[in-house]
Amino acid sequence: MSVKAKTLMIQVSTEQQSITTTDDSMCSSPQEQLSLFMGKLSSILTELKDDKRLIMIGNPQIQKAVESLEADFRRAKAMEKSGLASSPAAHDEHIEQVIQSLARGLGLVLFASHDVVEVTRKAEIEALRREMMKMNIVNKPNLIMSSDESEFSLYDRGIVEEDDRITLDIDGIVEEDDRIALDIDDVVVQIKYGDDQLLKCALHGLKSLVLDGMITKEGVHHEDMIPVLFNRLSSSKTDDRLIILRILQALVAQDDEHKEKMAEMGNLSILVKSLGRDLEEQKEAVGLLVSLSDVAAVRRRIGRIQGCIVMLAAIFNGDDQMASHDAANLLNSLSGNTQYALHMAEAGYFKPLVHYLNQGSDMSKILMATALSRMELTDQNRANLGQDGAIEPLVKMFSTGNLESKQSSLNALHNLSVSKANVQRLMKSGIVATLLQLLFSVTSVLMTLREPASAILAKIAAQSEAGIVLVKQDIAQQMISLLHLTSPVIQCHLLEALNAIAARPTASKVRKKMKENGAVRLLLPFLTESRNAKIRNGALNLIYVLSNDMQGGELMEQLEETHLNTLINVVLSSPATDDEKAAAVGILSNFPVSDKNVTDKFMKANLLPILVSLLTSSTPTTPHLLAENISAVLIRFTLPSDKKLQHFSAENGVISILVNLLTCGSIVAKCRAATSLAQLSQNSFALRKSRKSRWFSCAPPHPTDSFCQVHDGHCSTRSTFCLIKSGAVPPLVQILQGNEREADEASLSCLATLLQDDIWENGSNFLVKKSCVQPIIKILEEGISLKAQEKCLWILERIFRVEAYRVEYGECAQVVLIDLAQNGDSLLKPTVARLLAQLELLQSQSSYF
């Protein structure tokens, strides 16, 4: 036979051999041959043990090989002494095995030392080993033997790497045809018992044998090769496991009968463990499992292994395309079992579940829908299910199925409706009309379906495009009529839907109709709901949304004094959530600020200190809405017409709260805070302590830093509400310099209080010093708000009364002013003309005045 490229061969010389075997010895009995070989081996073993070069090198492979040979020699010697060899007819085969074991030991010594050191009497040792091997060659039919009787392929138990052909040149004499072959037993022994290095080499050798077709099916079974490989697969290192998996793949490809042995439960469990290891091992393991899974019984075993389906789903979602493809094939082959399909869905692989929803039996569809309704799904999983086609069959089940089908499918749709993409799919399916019909149905059989139906409608209402349909269909009023006729769960869903509908900017007509039909009065009883905070919160929010559109005393007409007290108690109550307090404060802020009776009730309830405390103790998680609504209520407590109330506010720390909102609040809160500060600042000049007062000499001395250059007197935050002393001007200027424009008008109004008739020059100097002019010109140019532009022009007119400021800023402002004169709103033109005249760009008799 021809020797293949991957066969591991050792070429040895047959010349110049001092150890020879005569024809007589070849013809001797096994017992006599054993004695002859033992005598020659004794001296060789002694020299090996005493060889100082081998001892100095300290190579573990050489030491193990010598120790193994010594152990085999002791066992053979013990057999001689025990007389086991006295009956050649009975023990010939045993003796032959012992001789061959000694020959292998000699071979290992040579192999381990061939690239490290030259062993003394190497040629003699090799000649002896060859003679010992030849003794058994005629009695070993499973050895590989070429047409040349002297040529044998030797697989060296994995000592050398795959594809490496090692030539031992003994004394420079090589005979190419003199090759010795070890059988598959040697490889299997090393795979069973070898250390890591020997195992790796043996595996490479075995892989070559398998790929070259040098091992028969009978040989694989005879050597128990598959159990041996699986045993090492469970305990070897990563690189070795990869080789083992590839060998197993090759064995499966060569003969289907190997599958039965590999498909035992223990072996499959070992394979599944490899699914959780590195990518290469995953790829090999899942490929092998696919090869084994063409038998139904094997698929059942694979599916029962704990964690198998989860790991396959993870591999399917991984980056390796080949492994993902194999994992999908295996999952699909396992999906014939409905329980396995459910496990796949729980692991994030939904195609089998969707398949059952589309084409399964009625019971399978109910099983899948019920499971889907109970699954904890991520948003991405919900989107994937919708994309895979789960919505349509569920809608069909709900529309055409029996009560159990309707219940399971509707609950599943509720779970999926959390995803925005799925809401759009629900809208396209036409389910909304059916849900509404079900919601208003009085059929007792269908009553149990109203809860999931209301929940789905709430999700639809919350979506931008989908919710418009509910707004246009005037569903809100019908939902309100159901509030007192349904269970708490449905009430929660209805309130959620109503809030989503009413809060839309495009739903002004809906809100108006709801108010006209007494929606606020219908909602008021829910404010005292103590068992379900979610219902109370929903009712509070809806009343707040509706109250935003109420004018004058309209809200007072809807609420009685008891309800007002209820709202105040929500704000004062510790158990109430921040969201509930935000809604309650929002409703209170919508009462007319000029209503003295409401203010008195707030004062009586000690509301102001509570509001200040809420803002002082706020955290990053506190809703913006709470701060915005509190700042709206504070406008009532800072009205310039009630200085007593202003002092009360200042004593409770309101001004520092307002200044903090200018820096840290939302743009809405900043706007409202600026409005309150402007109201306080209007009275600052009148409240200042002038240094020219007659009684000043008798009054306690003021701190040296209390004098305010703008108000020309002694100011403080608490006594005169001074913007300068409170540090409010820098954050007001920062608002004007920012990119959000909603608070411009309020900020400009606040700064304008520093330019009142008696203090305009001092105020102009201060605002110029604080770099206010450029931001004001920028806002004037952008022209987003007409009222803000009016404030800008008013402030500039005061500042430009000072000649130095006209010179400094006139050129920058004139371009904007000329443009406004030509293209601006007609309401602005008189003021623009006065400014142009100040800059000497327009005569005072101009038609612009």
# chains A, B, ... in the order shown; residues from 1 in each chain; ligands from 1
>>> residues_around(residues="stretch 417-429 of chain A", least_positions_apart="5", cutoff="8 Å", atoms="only C-alpha atoms", output="list of chain:residue names")
A:Asp379, A:Arg382, A:Ala383, A:Gly386, A:Ile391, A:Glu392, A:Val395, A:Ile456, A:Lys459, A:Ile460, A:Gln463, A:Ala466
>>> write_last_selection(atoms="N, CA and C atoms", output="mmCIF file, in the first residue's frame")
data_model
loop_
_atom_site.group_PDB
_atom_site.id
_atom_site.type_symbol
_atom_site.label_atom_id
_atom_site.label_comp_id
_atom_site.auth_asym_id
_atom_site.auth_seq_id
_atom_site.Cartn_x
_atom_site.Cartn_y
_atom_site.Cartn_z
ATOM 1 N N ASP A 379 -38.656 45.160 25.161
ATOM 2 C CA ASP A 379 -39.233 45.909 24.039
ATOM 3 C C ASP A 379 -38.755 45.340 22.719
ATOM 4 N N ARG A 382 -40.633 42.154 21.930
ATOM 5 C CA ARG A 382 -41.985 42.462 21.450
ATOM 6 C C ARG A 382 -41.938 42.904 19.979
ATOM 7 N N ALA A 383 -40.975 43.754 19.673
ATOM 8 C CA ALA A 383 -40.835 44.207 18.285
ATOM 9 C C ALA A 383 -40.506 43.044 17.360
ATOM 10 N N GLY A 386 -43.637 41.014 16.681
ATOM 11 C CA GLY A 386 -44.478 41.690 15.698
ATOM 12 C C GLY A 386 -43.914 41.568 14.304
ATOM 13 N N ILE A 391 -48.797 39.333 15.324
ATOM 14 C CA ILE A 391 -49.998 40.151 15.548
ATOM 15 C C ILE A 391 -51.192 39.620 14.754
ATOM 16 N N GLU A 392 -51.003 39.373 13.485
ATOM 17 C CA GLU A 392 -52.114 39.008 12.606
ATOM 18 C C GLU A 392 -52.842 37.742 13.051
ATOM 19 N N VAL A 395 -54.901 38.497 16.202
ATOM 20 C CA VAL A 395 -56.109 39.274 15.902
ATOM 21 C C VAL A 395 -57.177 38.364 15.308
ATOM 22 N N ILE A 456 -55.455 47.460 26.073
ATOM 23 C CA ILE A 456 -54.928 47.669 24.716
ATOM 24 C C ILE A 456 -55.316 49.041 24.198
ATOM 25 N N LYS A 459 -52.997 51.607 25.529
ATOM 26 C CA LYS A 459 -51.714 51.641 24.821
ATOM 27 C C LYS A 459 -51.870 52.315 23.463
ATOM 28 N N ILE A 460 -52.981 52.063 22.790
ATOM 29 C CA ILE A 460 -53.216 52.704 21.488
ATOM 30 C C ILE A 460 -53.354 54.208 21.653
ATOM 31 N N GLN A 463 -50.066 56.227 21.856
ATOM 32 C CA GLN A 463 -49.212 56.370 20.682
ATOM 33 C C GLN A 463 -49.667 57.550 19.836
ATOM 34 N N ALA A 466 -51.600 56.529 16.428
ATOM 35 C CA ALA A 466 -52.761 55.686 16.729
ATOM 36 C C ALA A 466 -53.789 56.424 17.568
#
>>> residues_around(residues="A:Ser649", least_positions_apart="5", cutoff="9 Å", atoms="only C-alpha atoms", output="short mmCIF file (atom, residue, chain, number, x, y, z; two decimals) with N, CA and C atoms, in the first residue's frame")
data_model
loop_
_atom_site.label_atom_id
_atom_site.label_comp_id
_atom_site.auth_asym_id
_atom_site.auth_seq_id
_atom_site.Cartn_x
_atom_site.Cartn_y
_atom_site.Cartn_z
N LEU A 608 -48.05 77.54 51.50
CA LEU A 608 -46.80 78.09 50.97
C LEU A 608 -45.56 77.43 51.57
N PRO A 609 -45.43 77.32 52.89
CA PRO A 609 -44.24 76.66 53.44
C PRO A 609 -44.07 75.22 52.94
N LEU A 634 -46.65 80.08 43.06
CA LEU A 634 -45.91 81.16 43.70
C LEU A 634 -46.21 82.52 43.09
N PHE A 637 -48.56 84.25 45.27
CA PHE A 637 -48.03 84.75 46.54
C PHE A 637 -47.06 85.92 46.37
N THR A 638 -46.83 86.36 45.13
CA THR A 638 -45.89 87.46 44.91
C THR A 638 -46.55 88.63 44.17
N LYS A 644 -47.91 92.80 51.82
CA LYS A 644 -47.89 91.95 53.01
C LYS A 644 -47.65 90.49 52.62
N VAL A 654 -38.97 82.23 49.62
CA VAL A 654 -39.44 82.07 48.25
C VAL A 654 -38.44 82.62 47.23
N ILE A 655 -37.79 83.76 47.57
CA ILE A 655 -36.92 84.41 46.57
C ILE A 655 -35.73 83.52 46.23
N ARG A 718 -34.82 89.96 51.64
CA ARG A 718 -36.07 89.77 52.38
C ARG A 718 -36.87 91.06 52.56
#
>>> atom_distance(atom1="atom CA of A:Leu567", atom2="atom CA of A:Leu457")
29.0 Å
>>> closest_residue(among="A:Ala347, A:Leu449, A:Met603, A:Val295", to="A:Phe648", atoms="only C-alpha atoms")
A:Met603
>>> residues_around(residues="A:Ser589", least_positions_apart="6", cutoff="7 Å", atoms="only C-alpha atoms", output="VMD selection string")
chain A and resid 629 632 to 633
>>> closest_residue(among="A:Ala341, A:Leu793, A:Ala453, A:Leu626", to="A:Leu827", atoms="only C-alpha atoms")
A:Leu793
>>> residues_around(residues="A:Leu403", least_positions_apart="3", cutoff="12 Å", atoms="only C-alpha atoms", output="MDAnalysis selection string")
chainID A and resid 366 397:400 406:410 444:449
>>> residues_around(residues="stretch 770-778 of chain A", least_positions_apart="5", cutoff="7 Å", atoms="only C-alpha atoms", output="list in words")
Val733, Leu736, Gln737, Cys792 and Ala813 of chain A
>>> residues_around(residues="A:His711", least_positions_apart="3", cutoff="9 Å", atoms="only C-alpha atoms", output="PyMOL selection string")
chain A and resi 684-686+688+690+707-708+714-715+722+754+758-759+762-763
>>> write_last_selection(atoms="N, CA and C atoms", output="mmCIF file, in the first residue's frame")
data_model
loop_
_atom_site.group_PDB
_atom_site.id
_atom_site.type_symbol
_atom_site.label_atom_id
_atom_site.label_comp_id
_atom_site.auth_asym_id
_atom_site.auth_seq_id
_atom_site.Cartn_x
_atom_site.Cartn_y
_atom_site.Cartn_z
ATOM 1 N N SER A 684 -39.420 97.081 44.886
ATOM 2 C CA SER A 684 -38.117 97.211 45.547
ATOM 3 C C SER A 684 -37.740 98.669 45.795
ATOM 4 N N PHE A 685 -37.952 99.550 44.810
ATOM 5 C CA PHE A 685 -37.553 100.952 44.972
ATOM 6 C C PHE A 685 -38.335 101.603 46.105
ATOM 7 N N ALA A 686 -39.620 101.314 46.189
ATOM 8 C CA ALA A 686 -40.457 101.927 47.242
ATOM 9 C C ALA A 686 -40.083 101.398 48.617
ATOM 10 N N ARG A 688 -36.989 100.396 49.605
ATOM 11 C CA ARG A 688 -35.592 100.594 49.981
ATOM 12 C C ARG A 688 -35.488 101.590 51.130
ATOM 13 N N SER A 690 -33.708 104.698 52.132
ATOM 14 C CA SER A 690 -32.867 105.749 51.557
ATOM 15 C C SER A 690 -31.892 106.274 52.591
ATOM 16 N N PHE A 707 -25.971 98.604 50.648
ATOM 17 C CA PHE A 707 -26.352 99.718 49.774
ATOM 18 C C PHE A 707 -26.413 99.254 48.328
ATOM 19 N N CYS A 708 -27.531 99.605 47.652
ATOM 20 C CA CYS A 708 -27.759 99.185 46.259
ATOM 21 C C CYS A 708 -27.630 100.409 45.359
ATOM 22 N N HIS A 714 -30.506 101.346 50.778
ATOM 23 C CA HIS A 714 -30.122 100.081 51.394
ATOM 24 C C HIS A 714 -31.174 99.020 51.069
ATOM 25 N N CYS A 715 -30.713 97.910 50.468
ATOM 26 C CA CYS A 715 -31.616 96.825 50.022
ATOM 27 C C CYS A 715 -31.180 95.498 50.614
ATOM 28 N N CYS A 722 -34.857 92.802 46.444
ATOM 29 C CA CYS A 722 -33.966 93.390 45.442
ATOM 30 C C CYS A 722 -33.374 92.321 44.537
ATOM 31 N N LEU A 754 -35.672 97.221 36.668
ATOM 32 C CA LEU A 754 -34.495 97.978 37.086
ATOM 33 C C LEU A 754 -34.369 99.293 36.325
ATOM 34 N N ASP A 758 -37.605 106.361 38.171
ATOM 35 C CA ASP A 758 -36.736 106.979 39.170
ATOM 36 C C ASP A 758 -35.315 106.408 39.159
ATOM 37 N N ILE A 759 -35.124 105.257 38.559
ATOM 38 C CA ILE A 759 -33.816 104.592 38.653
ATOM 39 C C ILE A 759 -33.280 104.162 37.289
ATOM 40 N N ASN A 762 -29.383 104.466 36.709
ATOM 41 C CA ASN A 762 -28.620 103.477 37.490
ATOM 42 C C ASN A 762 -28.832 102.071 36.934
ATOM 43 N N GLY A 763 -30.078 101.786 36.585
ATOM 44 C CA GLY A 763 -30.374 100.469 36.027
ATOM 45 C C GLY A 763 -29.683 100.238 34.700
#
>>> atom_distance(atom1="atom CA of A:Asp578", atom2="atom CA of A:Ala728")
27.6 Å
>>> atom_distance(atom1="atom CA of A:Ile247", atom2="atom CA of A:Ala328")
23.4 Å
>>> closest_residue(among="A:Lys512, A:Ile99, A:Arg232, A:Leu110", to="A:Gln63", atoms="only C-alpha atoms")
A:Leu110
>>> decode(residues="stretch 229-244 of chain A", atoms="all heavy atoms", output="tab-separated table (two decimals), in the first residue's frame")
chain	number	residue	atom	x	y	z
A	229	LEU	N	-13.36	9.29	23.37
A	229	LEU	CA	-13.30	10.68	22.92
A	229	LEU	C	-14.24	11.58	23.73
A	229	LEU	O	-13.89	12.70	24.10
A	229	LEU	CB	-13.64	10.77	21.44
A	229	LEU	CG	-12.59	10.19	20.48
A	229	LEU	CD1	-13.13	10.16	19.06
A	229	LEU	CD2	-11.30	11.02	20.53
A	230	PHE	N	-15.45	11.10	24.00
A	230	PHE	CA	-16.39	11.90	24.78
A	230	PHE	C	-15.91	12.08	26.23
A	230	PHE	O	-16.13	13.13	26.83
A	230	PHE	CB	-17.78	11.28	24.76
A	230	PHE	CG	-18.62	11.72	23.60
A	230	PHE	CD1	-18.74	10.92	22.48
A	230	PHE	CD2	-19.25	12.94	23.61
A	230	PHE	CE1	-19.49	11.33	21.39
A	230	PHE	CE2	-20.01	13.36	22.54
A	230	PHE	CZ	-20.13	12.56	21.42
A	231	ASN	N	-15.24	11.05	26.74
A	231	ASN	CA	-14.71	11.16	28.10
A	231	ASN	C	-13.66	12.26	28.17
A	231	ASN	O	-13.65	13.07	29.10
A	231	ASN	CB	-14.11	9.82	28.54
A	231	ASN	CG	-13.61	9.88	29.97
A	231	ASN	OD1	-14.35	10.20	30.88
A	231	ASN	ND2	-12.34	9.56	30.16
A	232	ARG	N	-12.76	12.32	27.17
A	232	ARG	CA	-11.74	13.36	27.15
A	232	ARG	C	-12.35	14.72	26.79
A	232	ARG	O	-11.84	15.77	27.19
A	232	ARG	CB	-10.62	13.02	26.17
A	232	ARG	CG	-9.75	11.84	26.57
A	232	ARG	CD	-9.27	11.88	28.01
A	232	ARG	NE	-8.40	12.98	28.34
A	232	ARG	CZ	-7.08	12.89	28.48
A	232	ARG	NH1	-6.47	11.72	28.30
A	232	ARG	NH2	-6.37	13.94	28.82
A	233	LEU	N	-13.44	14.75	26.04
A	233	LEU	CA	-14.09	16.00	25.68
A	233	LEU	C	-14.58	16.74	26.92
A	233	LEU	O	-14.59	17.97	26.97
A	233	LEU	CB	-15.26	15.73	24.73
A	233	LEU	CG	-16.05	16.95	24.24
A	233	LEU	CD1	-15.15	17.88	23.43
A	233	LEU	CD2	-17.25	16.51	23.41
A	234	SER	N	-14.99	16.00	27.92
A	234	SER	CA	-15.54	16.62	29.12
A	234	SER	C	-14.47	17.17	30.05
A	234	SER	O	-14.78	17.91	30.98
A	234	SER	CB	-16.40	15.61	29.88
A	234	SER	OG	-15.60	14.53	30.34
A	235	SER	N	-13.19	16.79	29.81
A	235	SER	CA	-12.15	17.18	30.77
A	235	SER	C	-10.93	17.84	30.15
A	235	SER	O	-10.03	18.25	30.87
A	235	SER	CB	-11.69	15.95	31.55
A	235	SER	OG	-11.16	14.96	30.67
A	236	SER	N	-10.89	17.96	28.83
A	236	SER	CA	-9.68	18.45	28.17
A	236	SER	C	-9.67	19.96	28.05
A	236	SER	O	-10.64	20.65	28.34
A	236	SER	CB	-9.56	17.83	26.77
A	236	SER	OG	-9.50	16.43	26.86
A	237	LYS	N	-8.55	20.47	27.56
A	237	LYS	CA	-8.41	21.90	27.31
A	237	LYS	C	-9.10	22.28	26.01
A	237	LYS	O	-9.45	21.42	25.20
A	237	LYS	CB	-6.93	22.27	27.25
A	237	LYS	CG	-6.20	22.10	28.58
A	237	LYS	CD	-4.75	22.52	28.46
A	237	LYS	CE	-4.05	22.40	29.81
A	237	LYS	NZ	-2.61	22.79	29.71
A	238	THR	N	-9.23	23.59	25.80
A	238	THR	CA	-9.99	24.10	24.65
A	238	THR	C	-9.48	23.56	23.33
A	238	THR	O	-10.26	23.06	22.50
A	238	THR	CB	-9.95	25.63	24.64
A	238	THR	OG1	-10.49	26.12	25.87
A	238	THR	CG2	-10.75	26.20	23.48
A	239	ASP	N	-8.19	23.65	23.08
A	239	ASP	CA	-7.64	23.22	21.79
A	239	ASP	C	-7.89	21.73	21.56
A	239	ASP	O	-8.20	21.32	20.44
A	239	ASP	CB	-6.14	23.51	21.73
A	239	ASP	CG	-5.86	25.02	21.68
A	239	ASP	OD1	-6.79	25.76	21.37
A	239	ASP	OD2	-4.71	25.42	21.97
A	240	ASP	N	-7.73	20.95	22.60
A	240	ASP	CA	-7.96	19.50	22.47
A	240	ASP	C	-9.43	19.20	22.21
A	240	ASP	O	-9.76	18.30	21.42
A	240	ASP	CB	-7.49	18.77	23.73
A	240	ASP	CG	-5.98	18.91	23.93
A	240	ASP	OD1	-5.27	19.15	22.94
A	240	ASP	OD2	-5.52	18.81	25.09
A	241	ARG	N	-10.32	19.96	22.86
A	241	ARG	CA	-11.75	19.74	22.63
A	241	ARG	C	-12.13	20.03	21.17
A	241	ARG	O	-12.96	19.33	20.59
A	241	ARG	CB	-12.58	20.61	23.58
A	241	ARG	CG	-12.47	20.21	25.04
A	241	ARG	CD	-13.61	20.82	25.87
A	241	ARG	NE	-13.63	22.25	25.82
A	241	ARG	CZ	-13.03	23.06	26.68
A	241	ARG	NH1	-12.32	22.54	27.68
A	241	ARG	NH2	-13.12	24.38	26.57
A	242	LEU	N	-11.52	21.03	20.60
A	242	LEU	CA	-11.79	21.33	19.20
A	242	LEU	C	-11.41	20.17	18.30
A	242	LEU	O	-12.16	19.80	17.38
A	242	LEU	CB	-11.03	22.60	18.77
A	242	LEU	CG	-11.63	23.94	19.20
A	242	LEU	CD1	-10.68	25.07	18.82
A	242	LEU	CD2	-12.97	24.16	18.52
A	243	ILE	N	-10.23	19.58	18.54
A	243	ILE	CA	-9.78	18.44	17.72
A	243	ILE	C	-10.73	17.26	17.90
A	243	ILE	O	-11.12	16.60	16.93
A	243	ILE	CB	-8.34	18.03	18.09
A	243	ILE	CG1	-7.39	19.22	17.92
A	243	ILE	CG2	-7.88	16.86	17.24
A	243	ILE	CD1	-5.99	18.97	18.43
A	244	ILE	N	-11.15	17.02	19.15
A	244	ILE	CA	-12.06	15.90	19.42
A	244	ILE	C	-13.37	16.10	18.67
A	244	ILE	O	-13.90	15.17	18.04
A	244	ILE	CB	-12.30	15.76	20.94
A	244	ILE	CG1	-11.02	15.32	21.65
A	244	ILE	CG2	-13.43	14.77	21.22
A	244	ILE	CD1	-11.10	15.35	23.16
